[in-house]
Amino acid sequence: MATTIGEHSPGDELFNAFKYMILFSLCFAFFSWRNIVKKGRPPCMDGWIPWFGCAIDFGKAPLDFIEETRRKLGPVFTIVAAGRWMTFVTEPEDITTFFQSPNLDFQKAVQDPVSHTASVSTESFFQYHTKIHDTIKGRLAPANLHNFCSDLWGEFKQQLEQLEHHGKDDLNKLVRRCMFAAVVNNLFGAENVPTDKDRVQEFSDTFVKYDADFEYGSQLPPFFLREWAESKKWLLSLFSRSIANMERKETESQTLLQSLTKMVDRPHAPNYALLMLWASQANAVPMSFWVLAMILSNEDVHAAVKKEVQDHLGPPGDEPITEEDLKKLPLLKRCIMEAIRLRSPGVITRAVDKPLKIRKYIVPKGHLLMMSPYWAHRNPNFFPEPDKFLPDRWLDADLEKNLFLDGFVGFGGGRYQCPGRWFALMEIQMLLAMMIQMFDFKLLGEVPKESPLHVVGTQQPVGPCPVEWTKI
Ligand code: HEM
């Protein structure tokens, strides 16, 4: 029988049926293969598009996505996003494995982001990373903090004295204005960084740009992030000049920057300085903001902290505040710990170097193992009423002996735990004690929520936090 245009011959139909059968078999084979491969692995959120996975949903609000997926898939789960297989552990009983397992590797997890954000070569990174970590840890150990206290007090005093008698601003900006230059001068040496007002402002503004897109910069090629790439270039060139100057005039005192740059390969010295700048500012500045915002928004706590500061420090004077003075402010310290609990980094990460058994699952080599201090700190078994700011829960910890509460992982853990943690606690306590000693603060609105957009480091507020101050 003849066929006309638009009609199908039996041969065509047979061919079509054959085509669909092949397509169906391929799909079946693909999904069976996926199921075989995934057998024994944690439940996985991998989207419909291979490799790309759930990159879009994850990217929209990664902090919220982690918790939503935990609710759907349970305490251990994998997320596939843009070629990365990230397995999350969310329960406290898996913390020890995360920090102690020999199958996990800190350096392999951070090397690639370090190379993107600070252009440190793979070879240099593996050669110097441990040495740098140990030097920072040693220089900023509790026994050495007295070396920093007096100068830091002087730096903070200088910044605070420049504030108007009465003013209004965003609290986050205000804290940065008081902290950024003071801490940079203290750790890097005032003679090695810009000190005149306009240049300091440019330095601080450029750092804010670098910090804002640090997380994207750690994954995307620079042409997607022009402004961020410019800020990185600006900061690297600043450190290139500082280090060249430092070499010309050898001084006896060794700032942390000087120790650091002397131990690494010379071409990468500015790059390590940039990393050090980021590590020392990216968490401590927003965290100081959160502590003060939480204190100011809790009337009783605010009154008690103010009284503690007035009773033990008295009015501002010319004598530096010492470590001994800070020990007399335990309530302020508890407020700091509680704010860190509530605003801890969204994730910390380790590379799975050998297959890792977690509960009934095997996590294969090549995955990134992720833990979320932010969500771990919202476990009611460890922190009852987890969303509330309750500084007195820290009465159960021996903070004088530097012991934290069980389940607290705000500074990470294991071999590469935050080496700046004791310095961070000291600087935040000193700055806030001095601010409360010198000024009356009043919030002019609600404290903004934390942004769910970033998971690396302390969250930024979603909007401004207007505050008014008057010099006492
Ligand atoms: C409240 C403030 C701070 C918080 C919450 C914080 C938190 C953290 C966390 C969670 C890590 C990752 C640790 C891990 O994966 O186990 C880390 C690493 C690090 N922190 Fe901090 N940090 C703070 C302040 C500081 C300060 C002030 C410095 C330096 C002066 C510093 C220096 C570093 C460095 C260098 C690393 C990387 C360690 C390495 O690569 O071996 N941090 N920090």
# chains A, B, ... in the order shown; residues from 1 in each chain; ligands from 1
>>> residues_near_ligand(ligand="ligand 1", cutoff="6 Å", atoms="only C-alpha atoms and all ligand atoms", output="PDB file with N, CA and C atoms, in the first residue's frame")
ATOM      1  N   HIS A 133      50.548  27.256  60.010  1.00  0.00           N
ATOM      2  CA  HIS A 133      49.526  27.005  61.037  1.00  0.00           C
ATOM      3  C   HIS A 133      50.178  26.982  62.422  1.00  0.00           C
ATOM      4  N   MET A 276      46.221  35.581  55.613  1.00  0.00           N
ATOM      5  CA  MET A 276      46.263  35.899  57.049  1.00  0.00           C
ATOM      6  C   MET A 276      45.309  37.057  57.357  1.00  0.00           C
ATOM      7  N   ALA A 279      41.781  35.618  57.285  1.00  0.00           N
ATOM      8  CA  ALA A 279      41.478  34.751  58.436  1.00  0.00           C
ATOM      9  C   ALA A 279      41.299  35.580  59.712  1.00  0.00           C
ATOM     10  N   SER A 280      42.089  36.658  59.835  1.00  0.00           N
ATOM     11  CA  SER A 280      42.038  37.410  61.097  1.00  0.00           C
ATOM     12  C   SER A 280      40.876  38.394  61.155  1.00  0.00           C
ATOM     13  N   ASN A 283      35.991  36.638  60.339  1.00  0.00           N
ATOM     14  CA  ASN A 283      35.083  36.148  61.381  1.00  0.00           C
ATOM     15  C   ASN A 283      34.986  37.112  62.559  1.00  0.00           C
ATOM     16  N   ALA A 284      36.146  37.670  62.947  1.00  0.00           N
ATOM     17  CA  ALA A 284      36.182  38.436  64.201  1.00  0.00           C
ATOM     18  C   ALA A 284      35.351  39.721  64.109  1.00  0.00           C
ATOM     19  N   MET A 287      31.575  38.922  64.003  1.00  0.00           N
ATOM     20  CA  MET A 287      31.204  38.309  65.288  1.00  0.00           C
ATOM     21  C   MET A 287      31.112  39.371  66.381  1.00  0.00           C
ATOM     22  N   SER A 344      27.980  30.741  64.169  1.00  0.00           N
ATOM     23  CA  SER A 344      29.172  30.004  63.723  1.00  0.00           C
ATOM     24  C   SER A 344      29.137  29.755  62.218  1.00  0.00           C
ATOM     25  N   ILE A 348      32.319  23.689  57.683  1.00  0.00           N
ATOM     26  CA  ILE A 348      33.766  23.455  57.614  1.00  0.00           C
ATOM     27  C   ILE A 348      33.947  22.125  56.881  1.00  0.00           C
ATOM     28  N   GLY A 410      32.523  25.874  67.172  1.00  0.00           N
ATOM     29  CA  GLY A 410      32.602  27.174  66.491  1.00  0.00           C
ATOM     30  C   GLY A 410      33.992  27.509  65.972  1.00  0.00           C
ATOM     31  N   PHE A 411      35.028  26.889  66.544  1.00  0.00           N
ATOM     32  CA  PHE A 411      36.388  27.127  66.049  1.00  0.00           C
ATOM     33  C   PHE A 411      36.928  25.894  65.321  1.00  0.00           C
ATOM     34  N   GLY A 412      36.039  25.003  64.870  1.00  0.00           N
ATOM     35  CA  GLY A 412      36.483  23.776  64.208  1.00  0.00           C
ATOM     36  C   GLY A 412      37.080  22.829  65.246  1.00  0.00           C
ATOM     37  N   GLY A 413      37.998  21.965  64.790  1.00  0.00           N
ATOM     38  CA  GLY A 413      38.591  20.998  65.723  1.00  0.00           C
ATOM     39  C   GLY A 413      39.674  20.191  65.043  1.00  0.00           C
ATOM     40  N   TYR A 416      43.924  20.973  62.681  1.00  0.00           N
ATOM     41  CA  TYR A 416      43.948  22.309  62.093  1.00  0.00           C
ATOM     42  C   TYR A 416      42.828  23.221  62.624  1.00  0.00           C
ATOM     43  N   GLN A 417      42.503  23.015  63.901  1.00  0.00           N
ATOM     44  CA  GLN A 417      41.513  23.898  64.542  1.00  0.00           C
ATOM     45  C   GLN A 417      41.992  25.357  64.473  1.00  0.00           C
ATOM     46  N   CYS A 418      41.063  26.298  64.503  1.00  0.00           N
ATOM     47  CA  CYS A 418      41.412  27.728  64.380  1.00  0.00           C
ATOM     48  C   CYS A 418      42.578  28.107  65.300  1.00  0.00           C
ATOM     49  N   PRO A 419      43.719  28.506  64.734  1.00  0.00           N
ATOM     50  CA  PRO A 419      44.863  28.848  65.583  1.00  0.00           C
ATOM     51  C   PRO A 419      44.759  30.245  66.195  1.00  0.00           C
ATOM     52  N   GLY A 420      43.718  31.021  65.757  1.00  0.00           N
ATOM     53  CA  GLY A 420      43.594  32.396  66.256  1.00  0.00           C
ATOM     54  C   GLY A 420      42.517  32.530  67.319  1.00  0.00           C
ATOM     55  N   ARG A 421      42.002  31.372  67.816  1.00  0.00           N
ATOM     56  CA  ARG A 421      40.788  31.459  68.650  1.00  0.00           C
ATOM     57  C   ARG A 421      40.997  32.208  69.964  1.00  0.00           C
ATOM     58  N   PHE A 423      43.245  34.539  70.624  1.00  0.00           N
ATOM     59  CA  PHE A 423      43.403  35.957  70.289  1.00  0.00           C
ATOM     60  C   PHE A 423      42.021  36.558  69.975  1.00  0.00           C
ATOM     61  N   ALA A 424      41.214  35.803  69.199  1.00  0.00           N
ATOM     62  CA  ALA A 424      39.888  36.305  68.808  1.00  0.00           C
ATOM     63  C   ALA A 424      39.052  36.614  70.046  1.00  0.00           C
TER      64      ALA A 424
END
>>> residues_around(residues="Tyr361 (chain A)", least_positions_apart="2", cutoff="7 Å", atoms="only C-alpha atoms", output="list of chain:residue names")
A:Gly40, A:Arg41, A:Pro42, A:Lys357, A:Ile358, A:Arg359, A:Val363
>>> write_last_selection(atoms="C-alpha atoms", output="short mmCIF file (atom, residue, chain, number, x, y, z; two decimals), in the first residue's frame")
data_model
loop_
_atom_site.label_atom_id
_atom_site.label_comp_id
_atom_site.auth_asym_id
_atom_site.auth_seq_id
_atom_site.Cartn_x
_atom_site.Cartn_y
_atom_site.Cartn_z
CA GLY A 40 25.85 1.64 50.72
CA ARG A 41 26.35 5.37 50.28
CA PRO A 42 24.44 8.04 52.20
CA LYS A 357 32.57 4.49 57.31
CA ILE A 358 29.99 6.69 58.98
CA ARG A 359 27.14 4.84 60.69
CA VAL A 363 31.51 7.71 51.96
#
>>> closest_residue(among="A:Ala109, A:Ile49, A:Ile428, A:Ile79", to="Pro62 (chain A)", atoms="only C-alpha atoms")
A:Ile79
>>> residues_around(residues="Glu68 (chain A)", least_positions_apart="5", cutoff="12 Å", atoms="only C-alpha atoms", output="PyMOL selection string")
chain A and resi 45+57-58+61-63+73-75+77+79+375
>>> write_last_selection(atoms="N, CA and C atoms", output="CSV table (one decimal), in the first residue's frame")
chain,number,residue,atom,x,y,z
A,45,MET,N,21.0,13.9,47.3
A,45,MET,CA,20.2,14.9,46.6
A,45,MET,C,21.1,15.3,45.4
A,57,ASP,N,19.5,25.2,43.4
A,57,ASP,CA,18.7,25.3,44.7
A,57,ASP,C,19.7,25.5,45.9
A,58,PHE,N,20.9,24.9,45.8
A,58,PHE,CA,21.9,25.0,46.8
A,58,PHE,C,22.4,26.5,46.9
A,61,ALA,N,20.3,29.7,48.7
A,61,ALA,CA,20.4,30.0,50.1
A,61,ALA,C,21.0,28.7,50.8
A,62,PRO,N,22.3,28.5,50.6
A,62,PRO,CA,23.0,27.3,51.0
A,62,PRO,C,22.8,26.9,52.5
A,63,LEU,N,22.7,27.9,53.3
A,63,LEU,CA,22.6,27.6,54.7
A,63,LEU,C,21.3,27.0,55.0
A,73,LEU,N,16.4,13.9,54.3
A,73,LEU,CA,17.2,12.7,54.1
A,73,LEU,C,17.8,12.1,55.3
A,74,GLY,N,17.7,12.8,56.4
A,74,GLY,CA,18.3,12.3,57.7
A,74,GLY,C,19.7,12.9,58.0
A,75,PRO,N,20.3,12.3,59.1
A,75,PRO,CA,21.5,13.0,59.6
A,75,PRO,C,22.8,13.0,58.8
A,77,PHE,N,23.9,12.8,54.7
A,77,PHE,CA,23.4,12.9,53.3
A,77,PHE,C,24.4,13.5,52.4
A,79,ILE,N,25.0,15.9,48.9
A,79,ILE,CA,24.5,16.9,48.0
A,79,ILE,C,25.4,17.0,46.8
A,375,TRP,N,24.5,24.7,62.3
A,375,TRP,CA,23.4,23.8,62.6
A,375,TRP,C,23.6,22.9,63.7
>>> closest_residue(among="A:Gly457, A:Gly463, A:Pro345, A:Pro316", to="Leu160 (chain A)", atoms="only C-alpha atoms")
A:Pro316
>>> decode(residues="region 77-200 of chain A", atoms="C-alpha atoms", output="PDB file, in the first residue's frame")
ATOM      1  CA  PHE A  77      23.408  12.873  53.323  1.00  0.00           C
ATOM      2  CA  THR A  78      25.144  13.834  50.105  1.00  0.00           C
ATOM      3  CA  ILE A  79      24.477  16.890  47.954  1.00  0.00           C
ATOM      4  CA  VAL A  80      25.765  17.027  44.355  1.00  0.00           C
ATOM      5  CA  ALA A  81      26.360  20.562  43.107  1.00  0.00           C
ATOM      6  CA  ALA A  82      28.417  21.613  40.072  1.00  0.00           C
ATOM      7  CA  GLY A  83      30.539  18.464  40.050  1.00  0.00           C
ATOM      8  CA  ARG A  84      31.183  18.479  43.787  1.00  0.00           C
ATOM      9  CA  TRP A  85      29.991  15.629  45.977  1.00  0.00           C
ATOM     10  CA  MET A  86      29.484  16.992  49.446  1.00  0.00           C
ATOM     11  CA  THR A  87      28.538  14.608  52.221  1.00  0.00           C
ATOM     12  CA  PHE A  88      27.174  16.296  55.335  1.00  0.00           C
ATOM     13  CA  VAL A  89      27.329  14.949  58.864  1.00  0.00           C
ATOM     14  CA  THR A  90      24.987  16.768  61.218  1.00  0.00           C
ATOM     15  CA  GLU A  91      24.820  14.850  64.498  1.00  0.00           C
ATOM     16  CA  PRO A  92      27.167  15.386  67.470  1.00  0.00           C
ATOM     17  CA  GLU A  93      28.131  11.683  67.591  1.00  0.00           C
ATOM     18  CA  ASP A  94      29.856  12.092  64.211  1.00  0.00           C
ATOM     19  CA  ILE A  95      31.968  15.058  65.349  1.00  0.00           C
ATOM     20  CA  THR A  96      34.858  12.891  66.591  1.00  0.00           C
ATOM     21  CA  THR A  97      35.055  11.056  63.245  1.00  0.00           C
ATOM     22  CA  PHE A  98      35.032  14.387  61.420  1.00  0.00           C
ATOM     23  CA  PHE A  99      37.923  15.818  63.405  1.00  0.00           C
ATOM     24  CA  GLN A 100      39.975  12.694  64.122  1.00  0.00           C
ATOM     25  CA  SER A 101      39.632  10.174  61.269  1.00  0.00           C
ATOM     26  CA  PRO A 102      42.936   9.479  59.451  1.00  0.00           C
ATOM     27  CA  ASN A 103      40.851   8.958  56.267  1.00  0.00           C
ATOM     28  CA  LEU A 104      40.065  12.668  56.155  1.00  0.00           C
ATOM     29  CA  ASP A 105      42.378  15.453  55.057  1.00  0.00           C
ATOM     30  CA  PHE A 106      42.085  19.171  55.903  1.00  0.00           C
ATOM     31  CA  GLN A 107      44.790  20.345  53.504  1.00  0.00           C
ATOM     32  CA  LYS A 108      43.363  18.579  50.442  1.00  0.00           C
ATOM     33  CA  ALA A 109      39.963  20.143  51.177  1.00  0.00           C
ATOM     34  CA  VAL A 110      41.211  23.728  51.376  1.00  0.00           C
ATOM     35  CA  GLN A 111      44.073  23.740  48.863  1.00  0.00           C
ATOM     36  CA  ASP A 112      41.897  24.455  45.821  1.00  0.00           C
ATOM     37  CA  PRO A 113      39.943  27.335  47.452  1.00  0.00           C
ATOM     38  CA  VAL A 114      43.262  28.759  48.717  1.00  0.00           C
ATOM     39  CA  SER A 115      44.656  28.649  45.205  1.00  0.00           C
ATOM     40  CA  HIS A 116      41.578  30.489  43.820  1.00  0.00           C
ATOM     41  CA  THR A 117      41.311  33.110  46.536  1.00  0.00           C
ATOM     42  CA  ALA A 118      44.978  33.945  47.082  1.00  0.00           C
ATOM     43  CA  SER A 119      46.806  32.422  44.080  1.00  0.00           C
ATOM     44  CA  VAL A 120      49.035  30.206  46.239  1.00  0.00           C
ATOM     45  CA  SER A 121      50.455  27.365  44.106  1.00  0.00           C
ATOM     46  CA  THR A 122      49.724  23.748  45.051  1.00  0.00           C
ATOM     47  CA  GLU A 123      53.402  23.055  45.652  1.00  0.00           C
ATOM     48  CA  SER A 124      53.902  26.053  47.922  1.00  0.00           C
ATOM     49  CA  PHE A 125      50.717  25.308  49.855  1.00  0.00           C
ATOM     50  CA  PHE A 126      51.649  21.720  50.725  1.00  0.00           C
ATOM     51  CA  GLN A 127      55.190  22.763  51.580  1.00  0.00           C
ATOM     52  CA  TYR A 128      54.325  25.598  53.994  1.00  0.00           C
ATOM     53  CA  HIS A 129      50.766  25.159  55.281  1.00  0.00           C
ATOM     54  CA  THR A 130      51.539  23.170  58.441  1.00  0.00           C
ATOM     55  CA  LYS A 131      54.481  25.407  59.311  1.00  0.00           C
ATOM     56  CA  ILE A 132      52.324  28.522  58.977  1.00  0.00           C
ATOM     57  CA  HIS A 133      49.526  27.005  61.037  1.00  0.00           C
ATOM     58  CA  ASP A 134      51.918  26.088  63.836  1.00  0.00           C
ATOM     59  CA  THR A 135      53.559  29.526  63.849  1.00  0.00           C
ATOM     60  CA  ILE A 136      50.224  31.351  64.127  1.00  0.00           C
ATOM     61  CA  LYS A 137      49.080  28.914  66.800  1.00  0.00           C
ATOM     62  CA  GLY A 138      52.288  29.422  68.789  1.00  0.00           C
ATOM     63  CA  ARG A 139      52.351  33.218  68.491  1.00  0.00           C
ATOM     64  CA  LEU A 140      48.664  33.534  69.449  1.00  0.00           C
ATOM     65  CA  ALA A 141      48.676  30.871  72.207  1.00  0.00           C
ATOM     66  CA  PRO A 142      47.069  31.866  75.545  1.00  0.00           C
ATOM     67  CA  ALA A 143      50.511  32.134  77.181  1.00  0.00           C
ATOM     68  CA  ASN A 144      51.590  34.755  74.614  1.00  0.00           C
ATOM     69  CA  LEU A 145      48.490  36.953  74.478  1.00  0.00           C
ATOM     70  CA  HIS A 146      49.935  39.419  77.020  1.00  0.00           C
ATOM     71  CA  ASN A 147      52.379  40.454  74.239  1.00  0.00           C
ATOM     72  CA  PHE A 148      49.449  41.872  72.255  1.00  0.00           C
ATOM     73  CA  CYS A 149      47.175  43.285  74.989  1.00  0.00           C
ATOM     74  CA  SER A 150      48.743  46.621  75.760  1.00  0.00           C
ATOM     75  CA  ASP A 151      49.285  47.657  72.104  1.00  0.00           C
ATOM     76  CA  LEU A 152      45.840  46.448  71.112  1.00  0.00           C
ATOM     77  CA  TRP A 153      44.283  48.515  73.911  1.00  0.00           C
ATOM     78  CA  GLY A 154      46.183  51.570  72.595  1.00  0.00           C
ATOM     79  CA  GLU A 155      44.993  50.912  69.023  1.00  0.00           C
ATOM     80  CA  PHE A 156      41.350  50.492  70.105  1.00  0.00           C
ATOM     81  CA  LYS A 157      41.550  53.632  72.273  1.00  0.00           C
ATOM     82  CA  GLN A 158      42.810  55.648  69.326  1.00  0.00           C
ATOM     83  CA  GLN A 159      39.947  54.434  67.110  1.00  0.00           C
ATOM     84  CA  LEU A 160      37.276  54.974  69.765  1.00  0.00           C
ATOM     85  CA  GLU A 161      38.501  58.478  70.585  1.00  0.00           C
ATOM     86  CA  GLN A 162      37.963  59.420  66.935  1.00  0.00           C
ATOM     87  CA  LEU A 163      34.238  58.686  67.213  1.00  0.00           C
ATOM     88  CA  GLU A 164      31.913  61.678  67.458  1.00  0.00           C
ATOM     89  CA  HIS A 165      30.525  62.556  70.917  1.00  0.00           C
ATOM     90  CA  HIS A 166      27.057  61.663  69.671  1.00  0.00           C
ATOM     91  CA  GLY A 167      26.259  59.797  66.478  1.00  0.00           C
ATOM     92  CA  LYS A 168      24.130  57.362  64.516  1.00  0.00           C
ATOM     93  CA  ASP A 169      25.286  54.647  62.123  1.00  0.00           C
ATOM     94  CA  ASP A 170      24.926  51.011  61.167  1.00  0.00           C
ATOM     95  CA  LEU A 171      26.354  48.997  64.084  1.00  0.00           C
ATOM     96  CA  ASN A 172      28.179  46.580  61.760  1.00  0.00           C
ATOM     97  CA  LYS A 173      29.978  49.483  60.042  1.00  0.00           C
ATOM     98  CA  LEU A 174      30.735  51.095  63.378  1.00  0.00           C
ATOM     99  CA  VAL A 175      32.345  47.927  64.749  1.00  0.00           C
ATOM    100  CA  ARG A 176      34.403  47.525  61.572  1.00  0.00           C
ATOM    101  CA  ARG A 177      35.541  51.155  61.837  1.00  0.00           C
ATOM    102  CA  CYS A 178      36.798  50.501  65.391  1.00  0.00           C
ATOM    103  CA  MET A 179      38.294  47.067  64.753  1.00  0.00           C
ATOM    104  CA  PHE A 180      39.769  46.701  61.278  1.00  0.00           C
ATOM    105  CA  ALA A 181      42.708  49.108  61.418  1.00  0.00           C
ATOM    106  CA  ALA A 182      43.382  48.470  65.116  1.00  0.00           C
ATOM    107  CA  VAL A 183      43.792  44.715  64.654  1.00  0.00           C
ATOM    108  CA  VAL A 184      45.711  45.029  61.385  1.00  0.00           C
ATOM    109  CA  ASN A 185      48.172  47.414  63.069  1.00  0.00           C
ATOM    110  CA  ASN A 186      48.463  45.066  66.031  1.00  0.00           C
ATOM    111  CA  LEU A 187      49.116  41.858  64.075  1.00  0.00           C
ATOM    112  CA  PHE A 188      50.856  43.228  60.984  1.00  0.00           C
ATOM    113  CA  GLY A 189      52.672  46.275  62.457  1.00  0.00           C
ATOM    114  CA  ALA A 190      51.444  49.844  61.849  1.00  0.00           C
ATOM    115  CA  GLU A 191      54.655  50.578  59.922  1.00  0.00           C
ATOM    116  CA  ASN A 192      53.776  47.843  57.395  1.00  0.00           C
ATOM    117  CA  VAL A 193      50.234  48.913  56.445  1.00  0.00           C
ATOM    118  CA  PRO A 194      48.510  52.194  55.451  1.00  0.00           C
ATOM    119  CA  THR A 195      47.853  54.474  58.411  1.00  0.00           C
ATOM    120  CA  ASP A 196      46.610  57.788  57.013  1.00  0.00           C
ATOM    121  CA  LYS A 197      42.831  58.110  57.274  1.00  0.00           C
ATOM    122  CA  ASP A 198      41.888  57.978  53.575  1.00  0.00           C
ATOM    123  CA  ARG A 199      44.211  55.089  52.772  1.00  0.00           C
ATOM    124  CA  VAL A 200      42.955  53.110  55.797  1.00  0.00           C
TER     125      VAL A 200
END
